[in-house]
file upload_1.txt (compact mmCIF, C-alpha atoms and all ligand atoms)
# COMPACT_ATOMS: atom_id res chain seq x y z
CA MET N 1 79.64 175.23 43.93
CA ALA N 2 76.35 176.01 45.63
CA LYS N 3 75.01 172.72 44.42
CA ASP N 4 77.96 170.98 45.97
CA ASN N 5 77.38 172.70 49.26
CA ASN N 6 73.83 171.41 49.45
CA LYS N 7 74.89 167.85 48.90
CA LYS N 8 74.67 165.55 51.95
CA VAL N 9 78.16 164.78 53.13
CA VAL N 10 78.35 161.16 54.21
CA TYR N 11 81.50 160.46 56.15
CA SER N 12 80.61 157.02 57.32
CA GLU N 13 77.73 154.66 58.03
CA THR N 14 78.20 155.08 61.72
CA VAL N 15 77.14 158.69 61.75
CA ASP N 16 73.48 159.44 61.47
CA LEU N 17 73.03 162.31 59.07
CA ASP N 18 69.27 162.18 58.80
CA ASN N 19 68.75 165.38 60.60
CA THR N 20 71.08 167.15 58.22
CA ASN N 21 68.22 167.07 55.66
CA ASN N 22 66.43 170.14 56.71
CA THR N 23 69.28 172.08 58.12
CA THR N 24 71.23 174.65 56.37
CA THR N 25 74.68 173.92 55.07
CA PRO N 26 76.99 173.00 57.92
CA THR N 27 79.72 175.36 58.76
CA ALA N 28 83.35 174.31 58.68
CA THR N 29 83.54 174.02 62.48
CA GLU N 30 80.48 171.81 62.52
CA ASN N 31 82.09 169.60 59.94
CA VAL N 32 85.25 169.33 61.97
CA GLN N 33 83.21 168.46 65.04
CA LYS N 34 81.40 165.76 63.19
CA LEU N 35 84.60 164.39 61.79
CA GLU N 36 86.10 164.24 65.25
CA GLU N 37 83.07 162.46 66.61
CA GLU N 38 83.21 160.01 63.79
CA ASN N 39 86.88 159.52 64.40
CA LYS N 40 86.18 158.66 68.03
CA VAL N 41 83.59 156.08 67.06
CA LEU N 42 85.93 154.56 64.54
CA SER N 43 88.83 154.28 66.95
CA ARG N 44 86.58 152.71 69.59
CA ASN N 45 85.57 150.12 67.06
CA LEU N 46 89.14 149.57 66.05
CA ARG N 47 90.15 148.94 69.66
CA ARG N 48 87.34 146.43 70.12
CA VAL N 49 88.29 144.56 66.98
CA GLU N 50 91.93 144.53 68.06
CA GLU N 51 91.03 143.11 71.45
CA GLU N 52 88.87 140.49 69.87
CA SER N 53 91.64 139.51 67.50
CA ALA N 54 94.13 139.17 70.39
CA MET N 55 91.71 136.90 72.20
CA LEU N 56 91.16 134.75 69.16
CA ARG N 57 94.90 134.53 68.57
CA GLU N 58 95.40 133.31 72.12
CA LEU N 59 92.64 130.74 71.76
CA PHE N 60 94.18 129.57 68.52
CA ASN N 61 97.60 129.17 70.11
CA LYS N 62 96.18 127.24 73.02
CA THR N 63 94.18 124.92 70.82
CA SER N 64 97.04 124.26 68.46
CA ALA N 65 99.35 123.52 71.42
CA GLU N 66 96.74 121.11 72.76
CA LEU N 67 96.46 119.53 69.35
CA ASN N 68 100.23 119.13 69.19
CA ASN N 69 100.20 117.47 72.60
CA LEU N 70 97.47 115.10 71.50
CA ARG N 71 99.51 114.10 68.47
CA LYS N 72 102.62 113.36 70.52
CA PRO N 73 103.14 109.73 71.60
CA ALA N 74 103.21 109.12 75.36
CA LEU N 75 106.56 108.84 77.08
CA LEU N 76 107.49 105.85 79.18
CA VAL N 77 108.43 106.24 82.81
CA ALA N 78 111.64 104.40 83.64
CA ASP N 79 114.37 104.29 86.25
CA ILE N 80 118.05 104.86 85.64
CA VAL N 81 119.98 101.79 86.70
CA THR N 82 123.48 103.02 85.89
CA ILE N 83 124.90 105.95 84.04
CA VAL N 84 127.44 104.38 81.71
CA ASP N 85 128.87 107.41 80.04
CA LYS N 86 128.00 111.08 80.07
CA ASN N 87 125.23 110.46 77.61
CA LYS N 88 124.48 106.78 77.91
CA ALA N 89 122.70 104.82 80.57
CA VAL N 90 121.13 101.52 81.43
CA ILE N 91 117.46 102.08 82.20
CA LYS N 92 114.88 99.78 83.68
CA LEU N 93 111.26 99.80 82.57
CA PRO N 94 108.48 99.02 85.05
CA ASN N 95 108.14 95.51 83.61
CA GLY N 96 111.70 94.83 84.71
CA ASN N 97 113.37 94.85 81.29
CA LYS N 98 116.61 96.73 81.04
CA PHE N 99 117.87 98.74 78.05
CA TYR N 100 121.04 100.53 77.11
CA CYS N 101 120.15 103.90 75.65
CA TYR N 102 121.13 107.50 75.03
CA ILE N 103 120.46 110.49 77.17
CA VAL N 104 119.34 113.51 75.16
CA ASP N 105 121.71 116.48 75.47
CA ASP N 106 119.29 118.81 77.28
CA VAL N 107 118.85 116.37 80.13
CA LYS N 108 121.34 117.28 82.80
CA ASN N 109 122.17 115.96 86.24
CA VAL N 110 120.69 112.50 86.04
CA SER N 111 122.08 110.00 88.45
CA ASN N 112 121.50 106.36 89.31
CA GLY N 113 118.05 105.67 90.66
CA ASP N 114 116.42 108.76 89.14
CA THR N 115 113.04 108.51 87.51
CA VAL N 116 113.09 109.63 83.88
CA LEU N 117 110.82 109.81 80.85
CA VAL N 118 111.93 107.91 77.79
CA ASP N 119 110.79 107.96 74.20
CA GLN N 120 108.68 104.93 73.32
CA LYS N 121 110.53 103.94 70.18
CA SER N 122 114.15 104.88 70.72
CA LEU N 123 113.98 104.71 74.51
CA ASN N 124 116.15 107.82 74.62
CA VAL N 125 115.98 109.57 77.94
CA VAL N 126 114.27 112.87 77.16
CA GLN N 127 113.44 114.29 80.55
CA LYS N 128 114.14 113.85 84.21
CA VAL N 129 111.06 113.89 86.39
CA ASP N 130 110.41 114.09 90.06
CA LEU N 131 107.23 112.17 90.74
CA GLY N 132 107.15 113.41 94.29
CA GLU N 133 108.97 110.67 96.12
CA GLY N 134 107.41 109.96 99.48
CA LEU N 135 104.16 111.51 98.43
CA GLU N 136 103.35 108.45 96.43
CA VAL N 137 104.12 105.96 99.15
CA GLU N 138 101.96 107.81 101.63
CA LYS N 139 98.97 107.00 99.49
CA TYR N 140 99.62 103.29 99.70
CA VAL N 141 100.16 102.79 103.39
CA ILE N 142 98.16 103.60 106.45
CA ILE N 143 99.93 106.06 108.67
CA GLU N 144 98.44 106.76 112.04
CA LYS N 145 98.90 107.30 115.70
CA PRO N 146 96.79 104.41 117.00
CA ASN N 147 94.30 104.73 119.83
CA GLU N 148 94.50 101.15 121.06
CA SER N 149 96.26 100.83 124.38
CA TRP N 150 97.42 97.91 126.50
CA LYS N 151 94.16 98.19 128.42
CA ASP N 152 92.22 97.21 125.32
CA ILE N 153 93.93 93.85 125.13
CA GLY N 154 92.52 90.98 127.11
CA GLY N 155 94.89 88.22 128.20
CA LEU N 156 98.10 87.89 126.16
CA GLY N 157 100.11 88.93 129.22
CA GLU N 158 103.27 87.12 128.19
CA GLU N 159 103.04 88.28 124.62
CA ILE N 160 102.64 91.87 125.78
CA ASN N 161 105.71 91.60 127.99
CA GLU N 162 107.76 90.16 125.20
CA ILE N 163 106.78 92.80 122.68
CA LYS N 164 107.48 95.49 125.27
CA GLU N 165 110.95 94.09 125.75
CA VAL N 166 111.75 93.91 122.08
CA ILE N 167 110.08 97.02 120.73
CA GLU N 168 109.23 99.39 123.54
CA LEU N 169 112.39 99.18 125.61
CA PRO N 170 114.88 99.87 122.80
CA LEU N 171 112.78 102.78 121.55
CA LYS N 172 112.36 104.31 124.98
CA HIS N 173 115.71 103.48 126.57
CA PRO N 174 118.34 102.83 123.91
CA GLU N 175 121.05 103.79 126.42
CA LEU N 176 120.38 100.59 128.37
CA PHE N 177 121.39 98.52 125.40
CA LYS N 178 124.43 100.64 124.68
CA LYS N 179 125.60 100.29 128.27
CA ILE N 180 125.22 96.52 128.35
CA GLY N 181 126.59 96.21 124.85
CA ILE N 182 123.92 94.07 123.21
CA GLN N 183 121.87 94.70 120.13
CA PRO N 184 118.12 94.51 120.43
CA PRO N 185 116.21 92.75 117.67
CA LYS N 186 115.15 94.94 114.78
CA GLY N 187 111.73 93.50 114.83
CA VAL N 188 109.38 90.72 115.74
CA LEU N 189 107.19 88.31 113.93
CA LEU N 190 103.75 87.71 115.39
CA TYR N 191 102.15 84.49 114.26
CA GLY N 192 98.94 82.69 115.05
CA PRO N 193 95.36 82.19 113.90
CA PRO N 194 93.26 85.08 112.56
CA GLY N 195 91.53 87.37 115.01
CA THR N 196 93.74 86.66 117.99
CA GLY N 197 95.01 90.19 118.46
CA LYS N 198 98.19 90.50 116.42
CA THR N 199 97.25 93.81 114.84
CA LEU N 200 96.00 94.97 118.21
CA LEU N 201 99.36 94.24 119.85
CA ALA N 202 101.25 96.08 117.14
CA LYS N 203 99.02 99.13 117.47
CA ALA N 204 99.21 99.16 121.24
CA VAL N 205 102.99 99.11 121.22
CA ALA N 206 103.05 101.93 118.66
CA ARG N 207 100.83 103.96 120.93
CA SER N 208 102.79 103.26 124.09
CA THR N 209 106.01 104.38 122.39
CA ASP N 210 104.30 107.29 120.69
CA ALA N 211 105.64 105.99 117.40
CA THR N 212 104.17 106.54 113.97
CA PHE N 213 102.40 103.38 112.88
CA ILE N 214 102.91 102.54 109.22
CA GLU N 215 100.75 99.63 108.13
CA VAL N 216 101.37 97.73 104.92
CA VAL N 217 99.61 94.60 103.75
CA GLY N 218 101.91 92.08 102.11
CA SER N 219 99.44 90.79 99.57
CA GLU N 220 98.68 94.34 98.45
CA LEU N 221 102.34 95.08 97.95
CA VAL N 222 102.67 92.27 95.45
CA GLN N 223 99.23 92.30 93.83
CA LYS N 224 98.12 95.90 93.58
CA PHE N 225 101.40 97.47 92.74
CA ILE N 226 102.79 95.09 90.19
CA GLY N 227 106.28 96.12 89.22
CA GLU N 228 106.39 98.67 92.03
CA GLY N 229 106.69 96.37 95.02
CA ALA N 230 110.43 96.64 95.52
CA LYS N 231 110.46 100.37 95.02
CA LEU N 232 107.56 100.77 97.40
CA VAL N 233 109.31 98.76 100.10
CA LYS N 234 112.30 101.04 99.72
CA GLU N 235 110.12 104.11 100.02
CA ILE N 236 108.21 102.75 102.99
CA PHE N 237 111.43 102.44 104.94
CA ALA N 238 112.57 105.88 103.81
CA LEU N 239 109.24 107.20 105.06
CA ALA N 240 109.66 105.37 108.37
CA ARG N 241 113.07 106.96 108.86
CA ARG N 242 111.62 110.37 108.12
CA LYS N 243 108.80 109.84 110.61
CA ALA N 244 110.90 108.09 113.26
CA PRO N 245 110.26 106.84 115.85
CA ALA N 246 108.19 104.58 113.70
CA ILE N 247 106.87 101.05 113.61
CA VAL N 248 106.45 99.41 110.23
CA PHE N 249 103.74 96.80 110.53
CA ILE N 250 103.67 94.30 107.68
CA ASP N 251 100.46 92.29 107.81
CA GLU N 252 100.22 89.05 105.82
CA ILE N 253 103.97 89.02 105.50
CA ASP N 254 103.66 85.47 104.11
CA ALA N 255 102.45 86.95 100.80
CA LEU N 256 105.94 88.38 100.38
CA ALA N 257 108.04 85.90 102.22
CA ALA N 258 106.54 82.56 101.32
CA THR N 259 109.18 79.96 100.57
CA ARG N 260 110.40 80.81 97.12
CA MET N 261 109.53 78.26 94.53
CA GLU N 262 111.60 78.29 91.39
CA THR N 263 108.72 78.55 88.97
CA GLY N 264 110.30 81.50 87.27
CA THR N 265 107.03 83.15 86.25
CA SER N 266 107.15 86.89 86.10
CA GLY N 267 104.77 87.20 89.03
CA GLU N 268 107.06 85.01 91.05
CA ARG N 269 110.09 87.05 90.09
CA GLU N 270 108.25 90.17 91.10
CA VAL N 271 107.46 88.80 94.55
CA ASN N 272 111.08 87.75 94.90
CA ARG N 273 112.31 91.20 94.04
CA THR N 274 109.99 92.75 96.61
CA PHE N 275 111.08 90.24 99.21
CA MET N 276 114.78 90.78 98.49
CA GLN N 277 114.24 94.49 98.89
CA LEU N 278 112.59 93.88 102.25
CA LEU N 279 115.56 91.84 103.40
CA ALA N 280 117.93 94.51 102.15
CA GLU N 281 116.01 97.19 104.04
CA LEU N 282 116.02 95.11 107.22
CA ASP N 283 119.77 94.63 106.92
CA GLY N 284 120.23 98.27 106.03
CA PHE N 285 119.13 99.98 109.19
CA LYS N 286 120.80 99.78 112.55
CA CYS N 287 119.27 98.09 115.56
CA LEU N 288 118.98 101.27 117.48
CA ASP N 289 117.63 103.34 114.68
CA ASN N 290 114.24 104.50 115.74
CA VAL N 291 112.50 102.17 113.32
CA LYS N 292 111.12 98.78 114.30
CA VAL N 293 109.44 96.22 112.13
CA ILE N 294 106.57 93.99 113.18
CA GLY N 295 105.48 91.25 110.81
CA ALA N 296 102.28 89.26 111.20
CA THR N 297 101.23 86.01 109.62
CA ASN N 298 98.75 83.18 109.97
CA MET N 299 101.07 80.84 108.13
CA LEU N 300 104.39 80.47 109.86
CA PRO N 301 105.30 77.10 108.30
CA ILE N 302 105.41 78.43 104.75
CA LEU N 303 107.53 81.41 105.65
CA ASP N 304 110.94 81.77 104.07
CA ARG N 305 113.48 81.29 106.85
CA ALA N 306 115.55 84.20 105.51
CA ILE N 307 113.15 86.66 107.08
CA ILE N 308 113.63 85.28 110.57
CA ARG N 309 117.40 84.98 110.47
CA PRO N 310 119.31 86.80 113.21
CA GLY N 311 119.49 90.49 112.53
CA ARG N 312 116.08 90.49 110.87
CA LEU N 313 112.74 89.59 112.47
CA ASP N 314 114.54 87.23 114.78
CA ARG N 315 112.08 87.25 117.64
CA LEU N 316 109.01 85.09 117.09
CA ILE N 317 105.98 85.61 119.26
CA GLU N 318 103.12 83.20 119.06
CA VAL N 319 99.69 84.71 119.52
CA GLY N 320 97.44 81.73 119.99
CA LEU N 321 93.83 81.12 120.88
CA PRO N 322 93.04 82.51 124.33
CA ASN N 323 92.66 80.09 127.23
CA GLU N 324 89.80 80.34 129.68
CA GLU N 325 91.42 83.12 131.64
CA GLY N 326 92.26 84.95 128.44
CA ARG N 327 88.71 84.68 127.17
CA LEU N 328 87.38 86.14 130.40
CA GLU N 329 89.80 89.06 130.13
CA ILE N 330 88.80 89.70 126.53
CA LEU N 331 85.12 89.50 127.41
CA LYS N 332 85.70 92.00 130.19
CA VAL N 333 87.40 94.39 127.80
CA HIS N 334 84.55 94.28 125.32
CA THR N 335 81.68 94.41 127.85
CA LYS N 336 83.23 97.33 129.71
CA GLY N 337 81.01 99.92 128.12
CA MET N 338 77.89 97.73 127.87
CA ASN N 339 74.80 98.00 129.99
CA LEU N 340 74.65 94.49 131.46
CA LYS N 341 72.02 93.06 133.79
CA ASN N 342 72.53 89.78 135.66
CA VAL N 343 75.20 88.57 133.26
CA LYS N 344 77.58 85.93 134.54
CA LEU N 345 80.68 86.29 132.43
CA LYS N 346 82.30 83.17 133.88
CA GLU N 347 79.43 81.00 132.70
CA LEU N 348 79.58 82.54 129.26
CA ILE N 349 83.23 81.81 128.64
CA SER N 350 82.73 78.12 129.23
CA GLU N 351 80.35 78.29 126.24
CA MET N 352 83.01 79.92 124.12
CA VAL N 353 85.72 77.29 123.99
CA ASP N 354 88.03 77.88 121.00
CA PHE N 355 86.68 81.35 120.33
CA THR N 356 89.18 83.96 119.18
CA GLY N 357 89.30 87.53 120.46
CA ALA N 358 87.57 88.71 117.31
CA GLU N 359 84.76 86.20 117.82
CA ILE N 360 84.31 87.25 121.42
CA ARG N 361 83.95 90.81 120.26
CA ALA N 362 81.40 89.69 117.68
CA VAL N 363 79.44 87.93 120.44
CA CYS N 364 79.24 91.18 122.41
CA THR N 365 78.01 93.12 119.40
CA GLU N 366 75.42 90.46 118.53
CA ALA N 367 74.19 90.33 122.13
CA GLY N 368 73.66 94.07 121.96
CA TYR N 369 71.60 93.63 118.79
CA PHE N 370 69.36 91.05 120.43
CA ALA N 371 68.58 93.59 123.16
CA ILE N 372 67.97 96.38 120.66
CA ARG N 373 65.56 94.21 118.68
CA GLU N 374 63.51 93.73 121.84
CA ASN N 375 63.58 97.39 122.66
CA ARG N 376 65.51 96.89 125.86
CA ASP N 377 68.22 99.20 127.12
CA HIS N 378 70.11 96.46 128.95
CA ILE N 379 71.65 93.18 127.89
CA GLY N 380 70.95 89.93 129.69
CA GLN N 381 72.49 86.48 129.91
CA GLU N 382 70.05 85.10 127.34
CA ASP N 383 71.16 87.68 124.74
CA PHE N 384 74.70 86.49 125.13
CA LEU N 385 73.77 82.83 124.80
CA LEU N 386 71.85 83.52 121.58
CA ALA N 387 74.76 85.58 120.30
CA ILE N 388 77.25 82.80 121.05
CA GLU N 389 75.02 80.38 119.15
CA LYS N 390 74.87 82.74 116.20
CA VAL N 391 78.61 83.43 116.04
CA ARG N 392 79.36 79.71 116.32
CA ARG N 393 76.96 78.90 113.48
CA GLU N 394 78.46 81.57 111.26
CA GLU N 395 81.92 80.26 112.00
CA GLU N 396 80.89 76.72 111.06
CA GLU N 397 79.31 77.91 107.81
CA GLU N 398 82.51 79.74 107.03
CA GLN N 399 84.51 76.57 107.60
CA ASP N 400 82.17 74.55 105.38
CA LYS N 401 82.54 77.09 102.65
CA LYS N 402 86.31 76.80 102.87
CA PHE N 403 86.29 73.05 102.50
CA PHE N 404 83.35 72.39 100.21
CA GLY N 405 83.35 75.59 98.21
N1 LIG K 1 93.29 89.69 123.07
C1 LIG K 1 92.31 90.48 122.66
N2 LIG K 1 91.76 91.39 123.48
C2 LIG K 1 90.78 92.20 123.09
N3 LIG K 1 90.26 92.20 121.86
C3 LIG K 1 90.74 91.31 120.99
C4 LIG K 1 91.79 90.42 121.32
N4 LIG K 1 92.08 89.67 120.25
C5 LIG K 1 91.25 90.09 119.26
N5 LIG K 1 90.44 91.06 119.70
C6 LIG K 1 89.41 91.75 118.93
O1 LIG K 1 89.38 91.23 117.64
C7 LIG K 1 89.67 92.22 116.65
C8 LIG K 1 90.58 91.63 115.62
O2 LIG K 1 91.85 91.40 116.16
P1 LIG K 1 93.17 91.63 115.35
O3 LIG K 1 92.89 92.48 114.18
O4 LIG K 1 94.21 92.11 116.27
O5 LIG K 1 93.45 90.15 114.90
P2 LIG K 1 94.67 89.60 114.09
O6 LIG K 1 95.35 88.61 114.96
O7 LIG K 1 95.48 90.72 113.58
O8 LIG K 1 93.93 88.82 112.95
P3 LIG K 1 94.38 88.59 111.42
O9 LIG K 1 95.42 87.52 111.45
O10 LIG K 1 93.12 88.15 110.78
O11 LIG K 1 94.89 89.89 110.93
C9 LIG K 1 90.32 93.35 117.41
O12 LIG K 1 90.02 94.59 116.83
C10 LIG K 1 89.71 93.22 118.79
O13 LIG K 1 88.51 93.93 118.87
MG MG K 2 95.64 91.53 111.69

call {"tool": "encode", "arguments": {"input": "upload_1.txt", "output": "structure tokens"}}
result
Amino acid sequence: MAKDNNKKVVYSETVDLDNTNNTTTPTATENVQKLEEENKVLSRNLRRVEEESAMLRELFNKTSAELNNLRKPALLVADIVTIVDKNKAVIKLPNGNKFYCYIVDDVKNVSNGDTVLVDQKSLNVVQKVDLGEGLEVEKYVIIEKPNESWKDIGGLGEEINEIKEVIELPLKHPELFKKIGIQPPKGVLLYGPPGTGKTLLAKAVARSTDATFIEVVGSELVQKFIGEGAKLVKEIFALARRKAPAIVFIDEIDALAATRMETGTSGEREVNRTFMQLLAELDGFKCLDNVKVIGATNMLPILDRAIIRPGRLDRLIEVGLPNEEGRLEILKVHTKGMNLKNVKLKELISEMVDFTGAEIRAVCTEAGYFAIRENRDHIGQEDFLLAIEKVRREEEEEQDKKFFG
């Protein structure tokens, strides 16, 4: 027994019993104490291991879920064209093809026009999604409250009056039209050479009516967003109605509304669809809705007549090259903030026959550069003459490039 008592009692590796060597036999209470201490250490360890295991389990679950997702085939995004039965529908894929397929049981409340996800192979509708309508369209168009005012436009007096009559008056005083009993045009078409102030006019009228200006470029609608053009047009008008009073400005409208040739290529069909949607939208809103449409083009002759039929963009406004008076006005606008010395504007404009507004602005900028290069803080007649020369030369080079490649 005594021998047993002298034996070192090792309860676990975690307890250091070295100093038990020289001590006398531990009493029962000491043993209990030690056991309790050891117990504490063990349970602390246990807790740590348990925590660690929970963390690892979580990591495992996450990774295996990720792995599962990676193994799954992607789903196609499609639109519901018509619900045929409770669980069958005709869907349209972005490439325009239509399919008749099943709607999986869990998918509830789908209706025509909804965006859904479909299985790649069976094309079964497996989920309804909301891709944030409206949000998407706002990425594709420029929405702004323009700063350009009537004061920033030189010349174009008649054009300004006309656009005021067609766009500003109905937006500001719809009651006038109701009283007289006529319907104002829904929009106008501005046509004329590049750089003559079409965009400027559209922005100025948006500002004067305090309307939201939504700018879309026709060629972008059909090129960048292949397969989406028609849907985008629809959403643009929905956005305009939400933000009313609003002006939808469609630049390069010829890209959409060029006379339709029956080539039947898919690109052609796509443009047609977008164009038809535009016509439908134009027909869809009322004249006195707070939405007006302004189209702009450099190529009136190739435009499809459907767009300028009554009830659509039935007011045409030509924005041509400025005459002498116009050029002087434009030059005044652009030299307003410039530090001029002995500059005779009248003489300058006779040097700028056939210049557009944009070119006159370029002349002013170039003249400023000539002064800067010579370290002057004012701009003289000579600077302008050199600038005119430069702009003219650049214009001619541009023309040559167009014709001779
Ligand atoms: N009548 C004008 N008065 C003052 N500035 C003008 C005028 N016309 C053009 N400009 C100047 O030229 C720039 C380009 O004009 P704008 O963008 O309106 O031309 P545009 O007719 O829309 O041309 P495009 O057909 O190429 O789109 C304007 O920002 C403005 O600075
Ligand atoms: Mg423009």

call {"tool": "residues_near_ligand", "arguments": {"input": "upload_1.txt", "ligand": "ligand MG 2 (chain K)", "cutoff": "7 Å", "atoms": "only C-alpha atoms and all ligand atoms", "output": "ChimeraX atom specification"}}
result
/N:194-195,197-199,251

call {"tool": "closest_atom_pairs", "arguments": {"input": "upload_1.txt", "of": "chain N", "to": "ligand LIG 1 (chain K)", "cutoff": "8 Å", "atoms": "all atoms listed in the file", "output": "JSON lines"}}
result
{"residue": "N:Asp152", "atom": "CA", "partner": "K:LIG1", "partner_atom": "C2", "distance": 5.7}
{"residue": "N:Ile153", "atom": "CA", "partner": "K:LIG1", "partner_atom": "N2", "distance": 3.7}
{"residue": "N:Gly154", "atom": "CA", "partner": "K:LIG1", "partner_atom": "N2", "distance": 3.7}
{"residue": "N:Gly155", "atom": "CA", "partner": "K:LIG1", "partner_atom": "N1", "distance": 5.6}
{"residue": "N:Leu156", "atom": "CA", "partner": "K:LIG1", "partner_atom": "N1", "distance": 6.0}
{"residue": "N:Tyr191", "atom": "CA", "partner": "K:LIG1", "partner_atom": "O9", "distance": 7.9}
{"residue": "N:Gly192", "atom": "CA", "partner": "K:LIG1", "partner_atom": "O6", "distance": 6.9}
{"residue": "N:Pro193", "atom": "CA", "partner": "K:LIG1", "partner_atom": "O9", "distance": 5.9}
{"residue": "N:Pro194", "atom": "CA", "partner": "K:LIG1", "partner_atom": "O9", "distance": 3.4}
{"residue": "N:Gly195", "atom": "CA", "partner": "K:LIG1", "partner_atom": "O5", "distance": 3.4}
{"residue": "N:Thr196", "atom": "CA", "partner": "K:LIG1", "partner_atom": "O6", "distance": 3.9}
{"residue": "N:Gly197", "atom": "CA", "partner": "K:LIG1", "partner_atom": "O4", "distance": 3.0}
{"residue": "N:Lys198", "atom": "CA", "partner": "K:LIG1", "partner_atom": "O6", "distance": 3.7}
{"residue": "N:Thr199", "atom": "CA", "partner": "K:LIG1", "partner_atom": "O4", "distance": 3.8}
{"residue": "N:Leu200", "atom": "CA", "partner": "K:LIG1", "partner_atom": "O4", "distance": 3.9}
{"residue": "N:Leu201", "atom": "CA", "partner": "K:LIG1", "partner_atom": "O4", "distance": 6.6}
{"residue": "N:Asp251", "atom": "CA", "partner": "K:LIG1", "partner_atom": "O11", "distance": 6.8}
{"residue": "N:Glu252", "atom": "CA", "partner": "K:LIG1", "partner_atom": "O11", "distance": 7.4}
{"residue": "N:Ala296", "atom": "CA", "partner": "K:LIG1", "partner_atom": "O9", "distance": 7.1}
{"residue": "N:Thr297", "atom": "CA", "partner": "K:LIG1", "partner_atom": "O9", "distance": 6.3}
{"residue": "N:Asn298", "atom": "CA", "partner": "K:LIG1", "partner_atom": "O9", "distance": 5.7}
{"residue": "N:Val319", "atom": "CA", "partner": "K:LIG1", "partner_atom": "O6", "distance": 7.4}
{"residue": "N:Pro322", "atom": "CA", "partner": "K:LIG1", "partner_atom": "N1", "distance": 7.3}
{"residue": "N:Gly326", "atom": "CA", "partner": "K:LIG1", "partner_atom": "N1", "distance": 7.2}
{"residue": "N:Arg327", "atom": "CA", "partner": "K:LIG1", "partner_atom": "N1", "distance": 7.9}
{"residue": "N:Glu329", "atom": "CA", "partner": "K:LIG1", "partner_atom": "N2", "distance": 7.3}
{"residue": "N:Ile330", "atom": "CA", "partner": "K:LIG1", "partner_atom": "N2", "distance": 4.6}
{"residue": "N:Leu331", "atom": "CA", "partner": "K:LIG1", "partner_atom": "C2", "distance": 7.6}
{"residue": "N:Val333", "atom": "CA", "partner": "K:LIG1", "partner_atom": "C2", "distance": 6.2}
{"residue": "N:His334", "atom": "CA", "partner": "K:LIG1", "partner_atom": "C2", "distance": 6.9}
{"residue": "N:Thr356", "atom": "CA", "partner": "K:LIG1", "partner_atom": "C5", "distance": 6.5}
{"residue": "N:Gly357", "atom": "CA", "partner": "K:LIG1", "partner_atom": "C5", "distance": 3.4}
{"residue": "N:Ala358", "atom": "CA", "partner": "K:LIG1", "partner_atom": "O1", "distance": 3.1}
{"residue": "N:Glu359", "atom": "CA", "partner": "K:LIG1", "partner_atom": "O1", "distance": 6.8}
{"residue": "N:Ile360", "atom": "CA", "partner": "K:LIG1", "partner_atom": "C6", "distance": 7.2}
{"residue": "N:Arg361", "atom": "CA", "partner": "K:LIG1", "partner_atom": "O13", "distance": 5.7}

call {"tool": "write_last_selection", "arguments": {"input": "upload_1.txt", "atoms": "C-alpha atoms", "output": "mmCIF file, keeping the file's coordinate frame"}}
result
data_model
loop_
_atom_site.group_PDB
_atom_site.id
_atom_site.type_symbol
_atom_site.label_atom_id
_atom_site.label_comp_id
_atom_site.auth_asym_id
_atom_site.auth_seq_id
_atom_site.Cartn_x
_atom_site.Cartn_y
_atom_site.Cartn_z
ATOM 1 C CA ASP N 152 92.220 97.210 125.320
ATOM 2 C CA ILE N 153 93.930 93.850 125.130
ATOM 3 C CA GLY N 154 92.520 90.980 127.110
ATOM 4 C CA GLY N 155 94.890 88.220 128.200
ATOM 5 C CA LEU N 156 98.100 87.890 126.160
ATOM 6 C CA TYR N 191 102.150 84.490 114.260
ATOM 7 C CA GLY N 192 98.940 82.690 115.050
ATOM 8 C CA PRO N 193 95.360 82.190 113.900
ATOM 9 C CA PRO N 194 93.260 85.080 112.560
ATOM 10 C CA GLY N 195 91.530 87.370 115.010
ATOM 11 C CA THR N 196 93.740 86.660 117.990
ATOM 12 C CA GLY N 197 95.010 90.190 118.460
ATOM 13 C CA LYS N 198 98.190 90.500 116.420
ATOM 14 C CA THR N 199 97.250 93.810 114.840
ATOM 15 C CA LEU N 200 96.000 94.970 118.210
ATOM 16 C CA LEU N 201 99.360 94.240 119.850
ATOM 17 C CA ASP N 251 100.460 92.290 107.810
ATOM 18 C CA GLU N 252 100.220 89.050 105.820
ATOM 19 C CA ALA N 296 102.280 89.260 111.200
ATOM 20 C CA THR N 297 101.230 86.010 109.620
ATOM 21 C CA ASN N 298 98.750 83.180 109.970
ATOM 22 C CA VAL N 319 99.690 84.710 119.520
ATOM 23 C CA PRO N 322 93.040 82.510 124.330
ATOM 24 C CA GLY N 326 92.260 84.950 128.440
ATOM 25 C CA ARG N 327 88.710 84.680 127.170
ATOM 26 C CA GLU N 329 89.800 89.060 130.130
ATOM 27 C CA ILE N 330 88.800 89.700 126.530
ATOM 28 C CA LEU N 331 85.120 89.500 127.410
ATOM 29 C CA VAL N 333 87.400 94.390 127.800
ATOM 30 C CA HIS N 334 84.550 94.280 125.320
ATOM 31 C CA THR N 356 89.180 83.960 119.180
ATOM 32 C CA GLY N 357 89.300 87.530 120.460
ATOM 33 C CA ALA N 358 87.570 88.710 117.310
ATOM 34 C CA GLU N 359 84.760 86.200 117.820
ATOM 35 C CA ILE N 360 84.310 87.250 121.420
ATOM 36 C CA ARG N 361 83.950 90.810 120.260
#

call {"tool": "residues_near_point", "arguments": {"input": "upload_1.txt", "point": "(112.0, 93.3, 96.7)", "cutoff": "10 Å", "atoms": "all atoms listed in the file", "output": "VMD selection string"}}
result
chain N and resid 221 to 222 227 to 234 256 269 to 281

call {"tool": "atom_distance", "arguments": {"input": "upload_1.txt", "atom1": "atom CA of Pro73 of chain N", "atom2": "atom CA of Val125 of chain N"}}
result
14.3 Å
